[in-house]
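Student: work_25.pdb is reproduced below (PDB, C-alpha atoms).
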```pdb
ATOM      1  CA  MET A  14     107.593  97.735 104.463  1.00  0.00           C
ATOM      2  CA  ILE A  15     105.559  99.634 101.860  1.00  0.00           C
ATOM      3  CA  LYS A  16     103.879  97.288  99.390  1.00  0.00           C
ATOM      4  CA  VAL A  17     103.112  98.774  95.971  1.00  0.00           C
ATOM      5  CA  LEU A  18     101.226  97.112  93.118  1.00  0.00           C
ATOM      6  CA  PHE A  19     101.231  98.827  89.707  1.00  0.00           C
ATOM      7  CA  ILE A  20      98.290  97.897  87.505  1.00  0.00           C
ATOM      8  CA  CYS A  21      97.366  98.341  83.854  1.00  0.00           C
ATOM      9  CA  HIS A  22      95.162  96.482  81.397  1.00  0.00           C
ATOM     10  CA  GLY A  23      97.486  93.668  80.315  1.00  0.00           C
ATOM     11  CA  ASN A  24     100.517  93.898  82.646  1.00  0.00           C
ATOM     12  CA  ILE A  25     103.024  93.824  79.807  1.00  0.00           C
ATOM     13  CA  CYS A  26     103.640  97.528  79.011  1.00  0.00           C
ATOM     14  CA  ARG A  27     102.865 100.286  81.508  1.00  0.00           C
ATOM     15  CA  SER A  28     102.655  98.446  84.823  1.00  0.00           C
ATOM     16  CA  THR A  29     105.778  96.382  84.182  1.00  0.00           C
ATOM     17  CA  MET A  30     107.585  99.551  83.141  1.00  0.00           C
ATOM     18  CA  ALA A  31     106.440 101.257  86.359  1.00  0.00           C
ATOM     19  CA  GLN A  32     107.503  98.226  88.415  1.00  0.00           C
ATOM     20  CA  SER A  33     110.983  98.282  86.884  1.00  0.00           C
ATOM     21  CA  VAL A  34     111.359 102.078  87.126  1.00  0.00           C
ATOM     22  CA  MET A  35     110.202 102.171  90.756  1.00  0.00           C
ATOM     23  CA  THR A  36     112.449  99.244  91.682  1.00  0.00           C
ATOM     24  CA  TYR A  37     115.380 101.095  90.113  1.00  0.00           C
ATOM     25  CA  MET A  38     114.541 104.398  91.854  1.00  0.00           C
ATOM     26  CA  VAL A  39     114.232 102.675  95.219  1.00  0.00           C
ATOM     27  CA  ALA A  40     117.590 100.928  94.695  1.00  0.00           C
ATOM     28  CA  GLN A  41     119.240 104.242  93.747  1.00  0.00           C
ATOM     29  CA  ARG A  42     118.056 105.592  97.109  1.00  0.00           C
ATOM     30  CA  HIS A  43     119.289 102.449  98.937  1.00  0.00           C
ATOM     31  CA  ARG A  44     115.754 101.784 100.202  1.00  0.00           C
ATOM     32  CA  GLU A  45     115.196  98.271  98.867  1.00  0.00           C
ATOM     33  CA  ALA A  46     114.361  96.971 102.354  1.00  0.00           C
ATOM     34  CA  ASP A  47     111.565  99.543 102.651  1.00  0.00           C
ATOM     35  CA  PHE A  48     109.565  98.430  99.598  1.00  0.00           C
ATOM     36  CA  TYR A  49     107.951  95.434  97.970  1.00  0.00           C
ATOM     37  CA  ILE A  50     107.003  96.281  94.366  1.00  0.00           C
ATOM     38  CA  ASP A  51     105.010  94.183  91.906  1.00  0.00           C
ATOM     39  CA  SER A  52     102.604  94.640  89.001  1.00  0.00           C
ATOM     40  CA  ALA A  53      99.401  93.090  87.688  1.00  0.00           C
ATOM     41  CA  ALA A  54      96.660  93.378  85.071  1.00  0.00           C
ATOM     42  CA  THR A  55      92.966  94.061  85.250  1.00  0.00           C
ATOM     43  CA  SER A  56      92.370  91.677  82.327  1.00  0.00           C
ATOM     44  CA  ARG A  57      93.304  88.080  81.633  1.00  0.00           C
ATOM     45  CA  GLU A  58      94.432  88.685  78.032  1.00  0.00           C
ATOM     46  CA  GLU A  59      98.203  88.546  78.584  1.00  0.00           C
ATOM     47  CA  ILE A  60      98.491  86.265  81.639  1.00  0.00           C
ATOM     48  CA  GLY A  61     101.815  84.445  81.628  1.00  0.00           C
ATOM     49  CA  ASN A  62     103.359  86.649  78.950  1.00  0.00           C
ATOM     50  CA  PRO A  63     106.645  88.524  79.433  1.00  0.00           C
ATOM     51  CA  PRO A  64     106.904  92.315  79.201  1.00  0.00           C
ATOM     52  CA  HIS A  65     106.265  93.860  75.764  1.00  0.00           C
ATOM     53  CA  TYR A  66     109.386  94.247  73.622  1.00  0.00           C
ATOM     54  CA  GLY A  67     108.769  98.025  73.517  1.00  0.00           C
ATOM     55  CA  THR A  68     108.997  98.216  77.311  1.00  0.00           C
ATOM     56  CA  VAL A  69     112.070  95.982  77.299  1.00  0.00           C
ATOM     57  CA  ASN A  70     113.760  98.116  74.626  1.00  0.00           C
ATOM     58  CA  LYS A  71     112.947 101.445  76.298  1.00  0.00           C
ATOM     59  CA  LEU A  72     114.256 100.314  79.675  1.00  0.00           C
ATOM     60  CA  ARG A  73     117.414  98.969  78.032  1.00  0.00           C
ATOM     61  CA  GLN A  74     117.867 102.295  76.213  1.00  0.00           C
ATOM     62  CA  VAL A  75     117.758 104.277  79.494  1.00  0.00           C
ATOM     63  CA  GLY A  76     119.828 101.755  81.469  1.00  0.00           C
ATOM     64  CA  ILE A  77     117.108 100.543  83.827  1.00  0.00           C
ATOM     65  CA  PRO A  78     117.123  96.796  84.529  1.00  0.00           C
ATOM     66  CA  LEU A  79     113.931  94.968  83.619  1.00  0.00           C
ATOM     67  CA  VAL A  80     112.419  93.230  86.628  1.00  0.00           C
ATOM     68  CA  PRO A  81     111.758  89.576  85.716  1.00  0.00           C
ATOM     69  CA  HIS A  82     107.997  89.315  85.410  1.00  0.00           C
ATOM     70  CA  ARG A  83     105.161  87.378  83.814  1.00  0.00           C
ATOM     71  CA  ALA A  84     101.768  89.009  83.459  1.00  0.00           C
ATOM     72  CA  ARG A  85      99.213  88.131  86.118  1.00  0.00           C
ATOM     73  CA  GLN A  86      95.755  89.376  86.981  1.00  0.00           C
ATOM     74  CA  MET A  87      95.026  91.461  90.059  1.00  0.00           C
ATOM     75  CA  THR A  88      93.011  89.632  92.699  1.00  0.00           C
ATOM     76  CA  LYS A  89      90.778  90.697  95.552  1.00  0.00           C
ATOM     77  CA  GLN A  90      93.500  89.403  97.908  1.00  0.00           C
ATOM     78  CA  ASP A  91      95.943  91.923  96.420  1.00  0.00           C
ATOM     79  CA  TYR A  92      93.791  94.681  97.896  1.00  0.00           C
ATOM     80  CA  GLU A  93      94.354  93.244 101.358  1.00  0.00           C
ATOM     81  CA  GLU A  94      98.086  92.642 100.872  1.00  0.00           C
ATOM     82  CA  TYR A  95      99.224  95.915  99.274  1.00  0.00           C
ATOM     83  CA  ASP A  96      99.361  99.423 100.728  1.00  0.00           C
ATOM     84  CA  TYR A  97      99.094 101.133  97.343  1.00  0.00           C
ATOM     85  CA  LEU A  98      97.382  99.814  94.225  1.00  0.00           C
ATOM     86  CA  ILE A  99      98.344 102.224  91.457  1.00  0.00           C
ATOM     87  CA  GLY A 100      96.546 102.199  88.115  1.00  0.00           C
ATOM     88  CA  MET A 101      97.561 103.849  84.885  1.00  0.00           C
ATOM     89  CA  ASP A 102      94.224 105.204  83.624  1.00  0.00           C
ATOM     90  CA  ASP A 103      90.562 105.659  84.554  1.00  0.00           C
ATOM     91  CA  ALA A 104      89.495 102.314  83.070  1.00  0.00           C
ATOM     92  CA  ASN A 105      92.139 100.578  85.219  1.00  0.00           C
ATOM     93  CA  ILE A 106      90.870 102.407  88.310  1.00  0.00           C
ATOM     94  CA  ARG A 107      87.263 101.329  87.637  1.00  0.00           C
ATOM     95  CA  ASN A 108      88.290  97.720  87.034  1.00  0.00           C
ATOM     96  CA  MET A 109      90.556  97.674  90.100  1.00  0.00           C
ATOM     97  CA  GLY A 110      87.626  98.821  92.248  1.00  0.00           C
ATOM     98  CA  ARG A 111      85.444  96.133  90.726  1.00  0.00           C
ATOM     99  CA  ILE A 112      88.030  93.397  91.368  1.00  0.00           C
ATOM    100  CA  ALA A 113      88.684  94.629  94.920  1.00  0.00           C
ATOM    101  CA  GLY A 114      84.990  95.021  95.709  1.00  0.00           C
ATOM    102  CA  GLY A 115      85.425  98.748  96.343  1.00  0.00           C
ATOM    103  CA  ASP A 116      88.116 100.871  97.941  1.00  0.00           C
ATOM    104  CA  PRO A 117      87.146 101.340 101.598  1.00  0.00           C
ATOM    105  CA  ASP A 118      90.771 101.880 102.693  1.00  0.00           C
ATOM    106  CA  HIS A 119      91.560 104.395  99.895  1.00  0.00           C
ATOM    107  CA  LYS A 120      94.445 102.323  98.550  1.00  0.00           C
ATOM    108  CA  ILE A 121      93.586 102.725  94.851  1.00  0.00           C
ATOM    109  CA  HIS A 122      95.262 105.615  93.047  1.00  0.00           C
ATOM    110  CA  LYS A 123      96.064 106.740  89.519  1.00  0.00           C
ATOM    111  CA  LEU A 124      99.843 107.113  89.128  1.00  0.00           C
ATOM    112  CA  LEU A 125      99.939 110.706  87.943  1.00  0.00           C
ATOM    113  CA  GLU A 126      97.679 111.918  90.762  1.00  0.00           C
ATOM    114  CA  PHE A 127     100.844 111.941  92.890  1.00  0.00           C
ATOM    115  CA  ALA A 128     102.203 114.536  90.438  1.00  0.00           C
ATOM    116  CA  GLY A 129      99.033 116.616  90.771  1.00  0.00           C
ATOM    117  CA  SER A 130      97.609 115.507  87.431  1.00  0.00           C
ATOM    118  CA  SER A 131      94.481 113.630  86.405  1.00  0.00           C
ATOM    119  CA  ARG A 132      96.161 112.503  83.161  1.00  0.00           C
ATOM    120  CA  ALA A 133      96.404 108.850  82.242  1.00  0.00           C
ATOM    121  CA  ILE A 134      99.720 107.159  81.518  1.00  0.00           C
ATOM    122  CA  ALA A 135      99.749 106.895  77.720  1.00  0.00           C
ATOM    123  CA  ASP A 136      99.173 103.295  76.629  1.00  0.00           C
ATOM    124  CA  PRO A 137     101.973 102.364  74.205  1.00  0.00           C
ATOM    125  CA  TRP A 138     100.071  99.247  73.138  1.00  0.00           C
ATOM    126  CA  TYR A 139      97.927 101.650  71.099  1.00  0.00           C
ATOM    127  CA  THR A 140     100.276 104.611  70.560  1.00  0.00           C
ATOM    128  CA  GLY A 141     103.514 102.706  69.953  1.00  0.00           C
ATOM    129  CA  ASN A 142     105.263 105.573  71.768  1.00  0.00           C
ATOM    130  CA  PHE A 143     107.180 104.066  74.674  1.00  0.00           C
ATOM    131  CA  ASP A 144     109.126 107.324  75.135  1.00  0.00           C
ATOM    132  CA  VAL A 145     106.023 109.247  76.253  1.00  0.00           C
ATOM    133  CA  THR A 146     104.949 106.363  78.467  1.00  0.00           C
ATOM    134  CA  TYR A 147     108.389 106.245  80.059  1.00  0.00           C
ATOM    135  CA  ASP A 148     108.368 109.998  80.737  1.00  0.00           C
ATOM    136  CA  ASP A 149     104.909 109.721  82.339  1.00  0.00           C
ATOM    137  CA  VAL A 150     105.972 106.743  84.465  1.00  0.00           C
ATOM    138  CA  VAL A 151     109.112 108.515  85.690  1.00  0.00           C
ATOM    139  CA  GLU A 152     107.090 111.618  86.567  1.00  0.00           C
ATOM    140  CA  GLY A 153     104.548 109.552  88.496  1.00  0.00           C
ATOM    141  CA  CYS A 154     107.093 107.385  90.316  1.00  0.00           C
ATOM    142  CA  GLU A 155     109.213 110.379  91.373  1.00  0.00           C
ATOM    143  CA  ALA A 156     106.113 112.143  92.669  1.00  0.00           C
ATOM    144  CA  PHE A 157     104.953 109.003  94.485  1.00  0.00           C
ATOM    145  CA  LEU A 158     108.297 108.609  96.242  1.00  0.00           C
ATOM    146  CA  LYS A 159     108.250 112.275  97.240  1.00  0.00           C
ATOM    147  CA  ALA A 160     104.652 112.000  98.506  1.00  0.00           C
ATOM    148  CA  ILE A 161     105.316 109.025 100.759  1.00  0.00           C
ATOM    149  CA  GLY A 162     108.653 110.345 102.024  1.00  0.00           C
TER     150      GLY A 162
END
```
Do you think you could lay out the structure here as structure tokens?
Tutor:
Amino acid sequence: MIKVLFICHGNICRSTMAQSVMTYMVAQRHREADFYIDSAATSREEIGNPPHYGTVNKLRQVGIPLVPHRARQMTKQDYEEYDYLIGMDDANIRNMGRIAGGDPDHKIHKLLEFAGSSRAIADPWYTGNFDVTYDDVVEGCEAFLKAIG
């Protein structure tokens, strides 16, 4: 089983969107038994909160079921338990490395690196544009699935 943890700052916008999109893509491929997918935050600001209404609305608009989730913070133990820890931007990557105590097993990645890009996933908390974030997440998740086979 491939264990994937998507991570952003608060775990209410980008990482929960990625978790839901990836879960949907895996189900469309009938590969649910091959994956365990979750999401987390690098901060404690939103712990316990549900996904942002913008994420909920965008997923509803495109017909992707929202995975039930409450924001939680990434832990050092997550590094041991997951095969891939996928951040949304450079600040996430730095904070993930700090929480994990480094990345000796090269498990930490930025989502769009799988698509051959160093771009960050746009943060809709600041932009308000969940459409761009969704497009970025889909691009990254498709590329990730292709990369791992």
Student: Using all atoms listed in the file, which of the listed residues (A:Gly129, A:Asp118, A:Ala31, A:Arg57) sits closest to Tyr97 of chain A?
Tutor: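 Looking only at the distances to Tyr97 of chain A, the closest residue turns out to be A:Asp118.
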Student: For Gly23 of chain A, which residue among A:Gly110, A:Pro81, A:Gly153, A:Pro137 is the nearest when counting all atoms listed in the file?
Tutor: A:Pro137
Student: Give me, please, the distance in Å between atom CA of Arg44 of chain A and atom CA of Ser130 of chain A, quoted to one decimal.
Tutor: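 For atom CA of Arg44 of chain A relative to atom CA of Ser130 of chain A, the distance reads 26.1 Å.
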Student: If the PyMOL selection byres ((chain A and resi 93) around 12) is run on the structure shown, which residues does it catch, given as a PDB file with C-alpha atoms, in the frame of the given file?
Tutor:
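Produced file result.pdb, reproduced below:
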```
ATOM      1  CA  LYS A  16     103.879  97.288  99.390  1.00  0.00           C
ATOM      2  CA  VAL A  17     103.112  98.774  95.971  1.00  0.00           C
ATOM      3  CA  LEU A  18     101.226  97.112  93.118  1.00  0.00           C
ATOM      4  CA  MET A  87      95.026  91.461  90.059  1.00  0.00           C
ATOM      5  CA  THR A  88      93.011  89.632  92.699  1.00  0.00           C
ATOM      6  CA  LYS A  89      90.778  90.697  95.552  1.00  0.00           C
ATOM      7  CA  GLN A  90      93.500  89.403  97.908  1.00  0.00           C
ATOM      8  CA  ASP A  91      95.943  91.923  96.420  1.00  0.00           C
ATOM      9  CA  TYR A  92      93.791  94.681  97.896  1.00  0.00           C
ATOM     10  CA  GLU A  94      98.086  92.642 100.872  1.00  0.00           C
ATOM     11  CA  TYR A  95      99.224  95.915  99.274  1.00  0.00           C
ATOM     12  CA  ASP A  96      99.361  99.423 100.728  1.00  0.00           C
ATOM     13  CA  TYR A  97      99.094 101.133  97.343  1.00  0.00           C
ATOM     14  CA  LEU A  98      97.382  99.814  94.225  1.00  0.00           C
ATOM     15  CA  ILE A 112      88.030  93.397  91.368  1.00  0.00           C
ATOM     16  CA  ALA A 113      88.684  94.629  94.920  1.00  0.00           C
ATOM     17  CA  GLY A 114      84.990  95.021  95.709  1.00  0.00           C
ATOM     18  CA  GLY A 115      85.425  98.748  96.343  1.00  0.00           C
ATOM     19  CA  ASP A 116      88.116 100.871  97.941  1.00  0.00           C
ATOM     20  CA  PRO A 117      87.146 101.340 101.598  1.00  0.00           C
ATOM     21  CA  ASP A 118      90.771 101.880 102.693  1.00  0.00           C
ATOM     22  CA  HIS A 119      91.560 104.395  99.895  1.00  0.00           C
ATOM     23  CA  LYS A 120      94.445 102.323  98.550  1.00  0.00           C
ATOM     24  CA  ILE A 121      93.586 102.725  94.851  1.00  0.00           C
TER      25      ILE A 121
END
```
Student: Between atom CA of Met14 of chain A and atom CA of Asp149 of chain A, what is the distance, to one decimal in Å?
Tutor: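 Between atom CA of Met14 of chain A and atom CA of Asp149 of chain A the gap is 25.3 Å.
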Student: Quick one: apply the PyMOL selection byres ((chain A and resi 59) around 10) to the file and drop the selected residues here as a list of chain:residue names.
Tutor: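 Checking the PyMOL selection byres ((chain A and resi 59) around 10) against this file, the residues are A:His22, A:Gly23, A:Asn24, A:Ile25, A:Ala54, A:Ser56, A:Arg57, A:Glu58, A:Ile60, A:Gly61, A:Asn62, A:Pro63, A:Pro64, A:Arg83, A:Ala84, A:Arg85, A:Gln86.
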Student: Take atom CA of Ile106 of chain A and atom CA of Gln41 of chain A and report the distance between them in Å, one decimal.
Tutor: 28.9 Å
Student: Need the shell around Asn105 of chain A: protein/DNA/RNA residues with any atom at most 7 Å away, counting only C-alpha atoms. Skip same-chain ones fewer than 4 positions apart. Format as an MDAnalysis selection string?
Tutor: chainID A and resid 21:22 55 100:101 109
Student: Which residue gives the smallest distance to Ile20 of chain A among A:Asn108, A:Thr68, A:Ser131, A:Gln74, with all atoms listed in the file counted?
Tutor: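 Nearest to Ile20 of chain A: A:Asn108.
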Student: Which of these residues is nearest to Ala46 of chain A, using only C-alpha atoms: A:Ile15, A:Val151, A:Ala135, A:Val145?
Tutor: A:Ile15
Student: Using all atoms listed in the file, determine which residues lie at most 10 Å from Thr36 of chain A, disregarding the query and same-chain residues fewer than 5 positions distant; provide the list as a list of chain:residue names.
Tutor: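 After dropping sequence-adjacent residues, the list is A:Met30, A:Ala31, A:Gln41, A:Arg44, A:Glu45, A:Phe48, A:Tyr49, A:Ile50, A:Asp51, A:Ile77, A:Pro78, A:Leu79, A:Val80, A:Cys154.
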Student: Take the residues that were just selected and, keeping C-alpha atoms, output them as a PDB file, in the frame of the given file.
Tutor:
```pdb
ATOM      1  CA  MET A  30     107.585  99.551  83.141  1.00  0.00           C
ATOM      2  CA  ALA A  31     106.440 101.257  86.359  1.00  0.00           C
ATOM      3  CA  GLN A  41     119.240 104.242  93.747  1.00  0.00           C
ATOM      4  CA  ARG A  44     115.754 101.784 100.202  1.00  0.00           C
ATOM      5  CA  GLU A  45     115.196  98.271  98.867  1.00  0.00           C
ATOM      6  CA  PHE A  48     109.565  98.430  99.598  1.00  0.00           C
ATOM      7  CA  TYR A  49     107.951  95.434  97.970  1.00  0.00           C
ATOM      8  CA  ILE A  50     107.003  96.281  94.366  1.00  0.00           C
ATOM      9  CA  ASP A  51     105.010  94.183  91.906  1.00  0.00           C
ATOM     10  CA  ILE A  77     117.108 100.543  83.827  1.00  0.00           C
ATOM     11  CA  PRO A  78     117.123  96.796  84.529  1.00  0.00           C
ATOM     12  CA  LEU A  79     113.931  94.968  83.619  1.00  0.00           C
ATOM     13  CA  VAL A  80     112.419  93.230  86.628  1.00  0.00           C
ATOM     14  CA  CYS A 154     107.093 107.385  90.316  1.00  0.00           C
TER      15      CYS A 154
END
```
Student: At a cut-off of 9 Å from (105.1, 107.7, 94.8) in the coordinates of the file, what residues are picked up using all atoms listed in the file, written as a PDB file with C-alpha atoms, keeping the file's coordinate frame?
Tutor:
```
ATOM      1  CA  MET A  35     110.202 102.171  90.756  1.00  0.00           C
ATOM      2  CA  LEU A 124      99.843 107.113  89.128  1.00  0.00           C
ATOM      3  CA  PHE A 127     100.844 111.941  92.890  1.00  0.00           C
ATOM      4  CA  ALA A 128     102.203 114.536  90.438  1.00  0.00           C
ATOM      5  CA  GLY A 153     104.548 109.552  88.496  1.00  0.00           C
ATOM      6  CA  CYS A 154     107.093 107.385  90.316  1.00  0.00           C
ATOM      7  CA  GLU A 155     109.213 110.379  91.373  1.00  0.00           C
ATOM      8  CA  ALA A 156     106.113 112.143  92.669  1.00  0.00           C
ATOM      9  CA  PHE A 157     104.953 109.003  94.485  1.00  0.00           C
ATOM     10  CA  LEU A 158     108.297 108.609  96.242  1.00  0.00           C
ATOM     11  CA  LYS A 159     108.250 112.275  97.240  1.00  0.00           C
ATOM     12  CA  ALA A 160     104.652 112.000  98.506  1.00  0.00           C
ATOM     13  CA  ILE A 161     105.316 109.025 100.759  1.00  0.00           C
ATOM     14  CA  GLY A 162     108.653 110.345 102.024  1.00  0.00           C
TER      15      GLY A 162
END
```
Student: Using only the atoms of segment 21-28 of chain A listed in the file, plus 5 Å on each side, state the axis-aligned box centre and edge lengths in Å rounded to one decimal, as lines of an AutoDock Vina configuration file.
Tutor:
```
center_x = 99.4
center_y = 97.0
center_z = 81.9
size_x = 18.5
size_y = 16.6
size_z = 15.8
```
Student: Taking into account only C-alpha atoms, which residue in the set A:Leu125, A:Ile134, A:Ala104, A:Met38 is nearest to Thr146 of chain A?
Tutor: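 Closest residue, counting only C-alpha atoms: A:Ile134.
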Student: With distances taken over only C-alpha atoms, which of A:Lys71, A:Asn142, A:Arg27, A:Ile99 is nearest to His122 of chain A?
Tutor: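 For His122 of chain A, the nearest of the given residues is A:Ile99.
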Student: Mind filling out segment 47-57 of chain A with all heavy atoms and sending it as a CSV table (one decimal), keeping the file's coordinate frame?
Tutor:
```csv
chain,number,residue,atom,x,y,z
A,47,ASP,N,112.8,98.8,102.3
A,47,ASP,CA,111.6,99.5,102.7
A,47,ASP,C,110.4,99.2,101.7
A,47,ASP,O,109.3,99.6,102.1
A,47,ASP,CB,111.8,101.1,102.6
A,47,ASP,CG,112.9,101.5,103.6
A,47,ASP,OD1,113.1,100.8,104.6
A,47,ASP,OD2,113.5,102.6,103.4
A,48,PHE,N,110.6,98.6,100.6
A,48,PHE,CA,109.6,98.4,99.6
A,48,PHE,C,109.5,97.0,99.1
A,48,PHE,O,110.5,96.3,99.0
A,48,PHE,CB,109.8,99.3,98.4
A,48,PHE,CG,109.7,100.8,98.6
A,48,PHE,CD1,110.7,101.6,99.1
A,48,PHE,CD2,108.4,101.4,98.4
A,48,PHE,CE1,110.5,102.9,99.4
A,48,PHE,CE2,108.3,102.7,98.6
A,48,PHE,CZ,109.3,103.5,99.1
A,49,TYR,N,108.2,96.6,98.8
A,49,TYR,CA,108.0,95.4,98.0
A,49,TYR,C,107.1,95.9,96.8
A,49,TYR,O,106.1,96.6,97.0
A,49,TYR,CB,107.2,94.4,98.8
A,49,TYR,CG,106.9,93.2,97.9
A,49,TYR,CD1,107.8,92.2,97.7
A,49,TYR,CD2,105.6,93.0,97.3
A,49,TYR,CE1,107.6,91.1,96.9
A,49,TYR,CE2,105.4,91.9,96.5
A,49,TYR,CZ,106.4,91.0,96.3
A,49,TYR,OH,106.1,89.9,95.5
A,50,ILE,N,107.6,95.7,95.6
A,50,ILE,CA,107.0,96.3,94.4
A,50,ILE,C,106.7,95.2,93.4
A,50,ILE,O,107.5,94.3,93.1
A,50,ILE,CB,108.0,97.3,93.7
A,50,ILE,CG1,108.4,98.4,94.7
A,50,ILE,CG2,107.4,97.9,92.5
A,50,ILE,CD1,109.6,99.1,94.3
A,51,ASP,N,105.4,95.2,92.9
A,51,ASP,CA,105.0,94.2,91.9
A,51,ASP,C,104.1,94.9,90.9
A,51,ASP,O,103.8,96.1,91.0
A,51,ASP,CB,104.3,93.0,92.6
A,51,ASP,CG,104.2,91.7,91.8
A,51,ASP,OD1,104.7,91.7,90.6
A,51,ASP,OD2,103.7,90.8,92.3
A,52,SER,N,103.6,94.1,90.0
A,52,SER,CA,102.6,94.6,89.0
A,52,SER,C,101.6,93.6,88.6
A,52,SER,O,101.9,92.4,88.8
A,52,SER,CB,103.3,95.2,87.8
A,52,SER,OG,104.0,94.2,87.1
A,53,ALA,N,100.5,94.0,88.1
A,53,ALA,CA,99.4,93.1,87.7
A,53,ALA,C,98.5,93.7,86.6
A,53,ALA,O,98.7,94.9,86.3
A,53,ALA,CB,98.6,92.7,88.9
A,54,ALA,N,97.6,92.9,86.1
A,54,ALA,CA,96.7,93.4,85.1
A,54,ALA,C,95.2,93.4,85.6
A,54,ALA,O,94.9,92.7,86.6
A,54,ALA,CB,96.7,92.4,83.9
A,55,THR,N,94.4,94.2,84.9
A,55,THR,CA,93.0,94.1,85.2
A,55,THR,C,92.3,93.0,84.4
A,55,THR,O,91.2,92.6,84.7
A,55,THR,CB,92.2,95.4,85.1
A,55,THR,OG1,92.4,95.9,83.8
A,55,THR,CG2,92.8,96.4,86.1
A,56,SER,N,92.9,92.7,83.3
A,56,SER,CA,92.4,91.7,82.3
A,56,SER,C,93.1,90.4,82.4
A,56,SER,O,94.2,90.3,83.1
A,56,SER,CB,92.4,92.2,80.9
A,56,SER,OG,93.8,92.1,80.4
A,57,ARG,N,92.6,89.4,81.7
A,57,ARG,CA,93.3,88.1,81.6
A,57,ARG,C,94.0,87.9,80.3
A,57,ARG,O,94.6,86.8,80.1
A,57,ARG,CB,92.3,87.0,81.8
A,57,ARG,CG,91.6,87.0,83.2
A,57,ARG,CD,90.6,85.9,83.5
A,57,ARG,NE,91.2,84.6,83.2
A,57,ARG,CZ,92.1,83.9,84.1
A,57,ARG,NH1,92.4,84.5,85.2
A,57,ARG,NH2,92.6,82.8,83.7
```
